[in-house]
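Step one of this worksheet: look at the structure below.
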Amino acid sequence: MTNISINKLHEFRDHPYQVLDNEGMNSLIESVQQQGIMTPLIIRPLEGTTDEYEIISGHRRFCTTQKAGLAEVPAFIRPVSRDEAAIMVVDSNLHREHLLPSEKAFAYKMKLEAMKRQGERSDLTSTQVVSKFRTSEIVGEQNGESREQVRRYIRLTKLIPDILKMVDEQRIAFSVGVELSYLTEYEQQDLFETIELVDKTPSLSQAIQMKKLSQSGKLDSDTISKIISEEKPNQREKISFQLDELSKYFPKKYTPQDIYKRLLKLAQDDYRRRQRNREER
């Protein structure tokens, strides 16, 4: 381990993980100012330089150090290739509990591409060559995912940033995002503008419908608007009550389902009564 000037450190190019400047960061800055960096960074020599380095693990600690005003950080130097480093970058963060879909998507893509360039090795030390079609399966096995799920995550990298952000914010479901990724960039832009205009997001069935139309060359902005504007079952108005507001009017043995059935029966009886009154006039 050695101390490295922060001026000689560079973030790993295109690394997939976000470093959020939030309340947690502020707490970490205070800790660093009082105790310094407790866990060393892992870095690699940067090609084309004599004494500069690329961060493999510790981007958040590096950012914290800068904000805390420290001049140096402790680090372990690993003389690895960029592809080996890319796999290490991905693996050092995939264990995190709260990863955004976009982070996972670009992480899997980075690792998959690095493994392919390495000759599809199953890990950093194995010399066994693995066929290309199994690379995504290996990535999945190493991270508790199926090959198909890895492929679905990587599909998200085809989304335009505005729609990908909506997937991260859970405004658009993961499965819907996967289907929308098959739309062209221009179609996705039309879709995003329509979503913003009508304040509705597509359902899975609507996304599949748009995907099929896109693949047959029949999807345009008017069609997107028509599809998105259709009423979905989950967008119909609903009435909800607190159980304790209603339960006092029914026998104690009534379950919530019993109360629902009784209310529906009362509404139906009232409707029939009003119908009879109109007929008698």
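Going through the structure tokens in order, the chains are called A, B, and so on, while each chain numbers its residues from 1 and the ligands are numbered from 1 in the order shown.
Contact shell of A:Ala71 at 8 Å (only C-alpha atoms; same-chain neighbours under 3 positions omitted): A:Ser5, A:Ile6, A:Asn7, A:Thr65, A:Gln66.
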task = From a DSSP pass on the backbone, collect the residues of stretch 17-260 of chain A flagged as helix (DSSP H, G or I) and hand them back as a VMD selection string.
result = chain A and resid 23 to 35 59 to 68 82 to 91 101 to 118 132 to 142 147 to 158 161 to 168 174 to 180 185 to 198 204 to 215 221 to 229 233 to 235 243 to 247 256 to 260
Name all residues at most 7 Å from stretch 76-86 of chain A (count only C-alpha atoms; drop same-chain ones fewer than 5 positions away) and give them as an mmCIF file with all heavy atoms, in the first residue's frame.
```
data_model
loop_
_atom_site.group_PDB
_atom_site.id
_atom_site.type_symbol
_atom_site.label_atom_id
_atom_site.label_comp_id
_atom_site.auth_asym_id
_atom_site.auth_seq_id
_atom_site.Cartn_x
_atom_site.Cartn_y
_atom_site.Cartn_z
ATOM 1 N N MET A 1 0.843 -1.200 0.000
ATOM 2 C CA MET A 1 0.000 0.000 0.000
ATOM 3 C C MET A 1 0.877 1.249 0.000
ATOM 4 O O MET A 1 1.953 1.258 0.600
ATOM 5 C CB MET A 1 -0.920 0.008 1.225
ATOM 6 C CG MET A 1 -1.929 1.145 1.234
ATOM 7 S SD MET A 1 -2.923 1.200 2.737
ATOM 8 C CE MET A 1 -1.701 1.794 3.918
ATOM 9 N N THR A 2 0.419 2.268 -0.678
ATOM 10 C CA THR A 2 1.149 3.529 -0.729
ATOM 11 C C THR A 2 0.169 4.693 -0.757
ATOM 12 O O THR A 2 -0.998 4.524 -1.102
ATOM 13 C CB THR A 2 2.056 3.578 -1.979
ATOM 14 O OG1 THR A 2 2.831 4.764 -1.943
ATOM 15 C CG2 THR A 2 1.217 3.571 -3.252
ATOM 16 N N PRO A 40 -8.260 1.461 1.799
ATOM 17 C CA PRO A 40 -7.491 1.938 0.646
ATOM 18 C C PRO A 40 -8.235 1.741 -0.676
ATOM 19 O O PRO A 40 -9.031 0.815 -0.832
ATOM 20 C CB PRO A 40 -6.216 1.091 0.692
ATOM 21 C CG PRO A 40 -6.128 0.625 2.100
ATOM 22 C CD PRO A 40 -7.536 0.430 2.564
ATOM 23 N N LEU A 41 -7.974 2.611 -1.625
ATOM 24 C CA LEU A 41 -8.488 2.450 -2.976
ATOM 25 C C LEU A 41 -7.698 1.358 -3.687
ATOM 26 O O LEU A 41 -6.591 1.017 -3.267
ATOM 27 C CB LEU A 41 -8.365 3.760 -3.765
ATOM 28 C CG LEU A 41 -9.415 4.855 -3.546
ATOM 29 C CD1 LEU A 41 -9.387 5.404 -2.133
ATOM 30 C CD2 LEU A 41 -9.216 5.976 -4.562
ATOM 31 N N ILE A 42 -8.256 0.827 -4.753
ATOM 32 C CA ILE A 42 -7.520 -0.074 -5.636
ATOM 33 C C ILE A 42 -7.379 0.644 -6.974
ATOM 34 O O ILE A 42 -8.372 1.098 -7.552
ATOM 35 C CB ILE A 42 -8.241 -1.418 -5.817
ATOM 36 C CG1 ILE A 42 -8.385 -2.126 -4.463
ATOM 37 C CG2 ILE A 42 -7.487 -2.311 -6.800
ATOM 38 C CD1 ILE A 42 -9.160 -3.427 -4.520
ATOM 39 N N ILE A 43 -6.158 0.770 -7.457
ATOM 40 C CA ILE A 43 -5.893 1.545 -8.668
ATOM 41 C C ILE A 43 -4.971 0.774 -9.603
ATOM 42 O O ILE A 43 -4.391 -0.236 -9.221
ATOM 43 C CB ILE A 43 -5.262 2.913 -8.322
ATOM 44 C CG1 ILE A 43 -3.933 2.713 -7.586
ATOM 45 C CG2 ILE A 43 -6.208 3.747 -7.466
ATOM 46 C CD1 ILE A 43 -3.205 4.009 -7.241
ATOM 47 N N ARG A 44 -4.877 1.246 -10.834
ATOM 48 C CA ARG A 44 -3.978 0.632 -11.820
ATOM 49 C C ARG A 44 -3.207 1.733 -12.537
ATOM 50 O O ARG A 44 -3.712 2.857 -12.676
ATOM 51 C CB ARG A 44 -4.767 -0.195 -12.844
ATOM 52 C CG ARG A 44 -5.722 0.633 -13.672
ATOM 53 C CD ARG A 44 -6.512 -0.220 -14.649
ATOM 54 N NE ARG A 44 -5.718 -0.673 -15.766
ATOM 55 C CZ ARG A 44 -5.607 -0.017 -16.920
ATOM 56 N NH1 ARG A 44 -6.238 1.145 -17.113
ATOM 57 N NH2 ARG A 44 -4.870 -0.514 -17.890
ATOM 58 N N PRO A 45 -1.966 1.449 -12.981
ATOM 59 C CA PRO A 45 -1.216 2.451 -13.751
ATOM 60 C C PRO A 45 -1.984 2.805 -15.030
ATOM 61 O O PRO A 45 -2.505 1.926 -15.723
ATOM 62 C CB PRO A 45 0.103 1.736 -14.073
ATOM 63 C CG PRO A 45 0.229 0.677 -13.024
ATOM 64 C CD PRO A 45 -1.172 0.226 -12.739
ATOM 65 N N ILE A 56 -9.904 1.610 -9.810
ATOM 66 C CA ILE A 56 -10.672 0.381 -10.021
ATOM 67 C C ILE A 56 -11.782 0.286 -8.979
ATOM 68 O O ILE A 56 -12.937 0.052 -9.295
ATOM 69 C CB ILE A 56 -9.759 -0.861 -9.939
ATOM 70 C CG1 ILE A 56 -8.734 -0.835 -11.074
ATOM 71 C CG2 ILE A 56 -10.579 -2.148 -9.972
ATOM 72 C CD1 ILE A 56 -7.708 -1.964 -11.001
ATOM 73 N N MET A 110 -20.453 -3.822 -19.626
ATOM 74 C CA MET A 110 -19.012 -3.614 -19.529
ATOM 75 C C MET A 110 -18.285 -4.924 -19.260
ATOM 76 O O MET A 110 -17.259 -5.227 -19.884
ATOM 77 C CB MET A 110 -18.696 -2.604 -18.416
ATOM 78 C CG MET A 110 -17.202 -2.410 -18.185
ATOM 79 S SD MET A 110 -16.822 -1.207 -16.870
ATOM 80 C CE MET A 110 -17.049 0.336 -17.770
ATOM 81 N N LYS A 111 -18.811 -5.725 -18.350
ATOM 82 C CA LYS A 111 -18.155 -6.987 -18.005
ATOM 83 C C LYS A 111 -18.205 -7.962 -19.180
ATOM 84 O O LYS A 111 -17.197 -8.624 -19.486
ATOM 85 C CB LYS A 111 -18.824 -7.604 -16.781
ATOM 86 C CG LYS A 111 -18.155 -8.894 -16.315
ATOM 87 C CD LYS A 111 -18.712 -9.362 -14.985
ATOM 88 C CE LYS A 111 -18.012 -10.626 -14.512
ATOM 89 N NZ LYS A 111 -18.483 -11.065 -13.176
ATOM 90 N N ALA A 114 -15.714 -6.903 -21.847
ATOM 91 C CA ALA A 114 -14.341 -7.136 -21.402
ATOM 92 C C ALA A 114 -13.991 -8.623 -21.483
ATOM 93 O O ALA A 114 -12.892 -8.996 -21.908
ATOM 94 C CB ALA A 114 -14.153 -6.629 -19.977
ATOM 95 N N GLN A 118 -11.151 -10.528 -23.740
ATOM 96 C CA GLN A 118 -10.143 -11.368 -23.088
ATOM 97 C C GLN A 118 -10.064 -12.759 -23.687
ATOM 98 O O GLN A 118 -9.152 -13.516 -23.389
ATOM 99 C CB GLN A 118 -10.477 -11.525 -21.601
ATOM 100 C CG GLN A 118 -10.027 -10.360 -20.737
ATOM 101 C CD GLN A 118 -10.148 -10.732 -19.277
ATOM 102 O OE1 GLN A 118 -11.144 -11.295 -18.841
ATOM 103 N NE2 GLN A 118 -9.123 -10.434 -18.513
ATOM 104 N N LEU A 124 -10.572 -14.180 -13.914
ATOM 105 C CA LEU A 124 -9.343 -13.453 -14.219
ATOM 106 C C LEU A 124 -8.108 -14.347 -14.313
ATOM 107 O O LEU A 124 -7.077 -13.929 -14.812
ATOM 108 C CB LEU A 124 -9.110 -12.382 -13.136
ATOM 109 C CG LEU A 124 -10.150 -11.266 -13.101
ATOM 110 C CD1 LEU A 124 -9.809 -10.268 -12.001
ATOM 111 C CD2 LEU A 124 -10.239 -10.545 -14.434
#
```
ask   = Please, what distance in Å, to one decimal, runs between atom CA of A:Glu54 and atom CA of A:Gln18?
value =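 Between these atoms lies a distance of 16.7 Å.
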task = Rank A:Lys218, A:Leu99, A:Ile87, A:Ser203 by their smallest atom-to-atom distance to A:Glu113, using only C-alpha atoms, and report the top residue only.
result =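 Of A:Lys218, A:Leu99, A:Ile87, A:Ser203, the one nearest A:Glu113, counting only C-alpha atoms, is A:Ile87.
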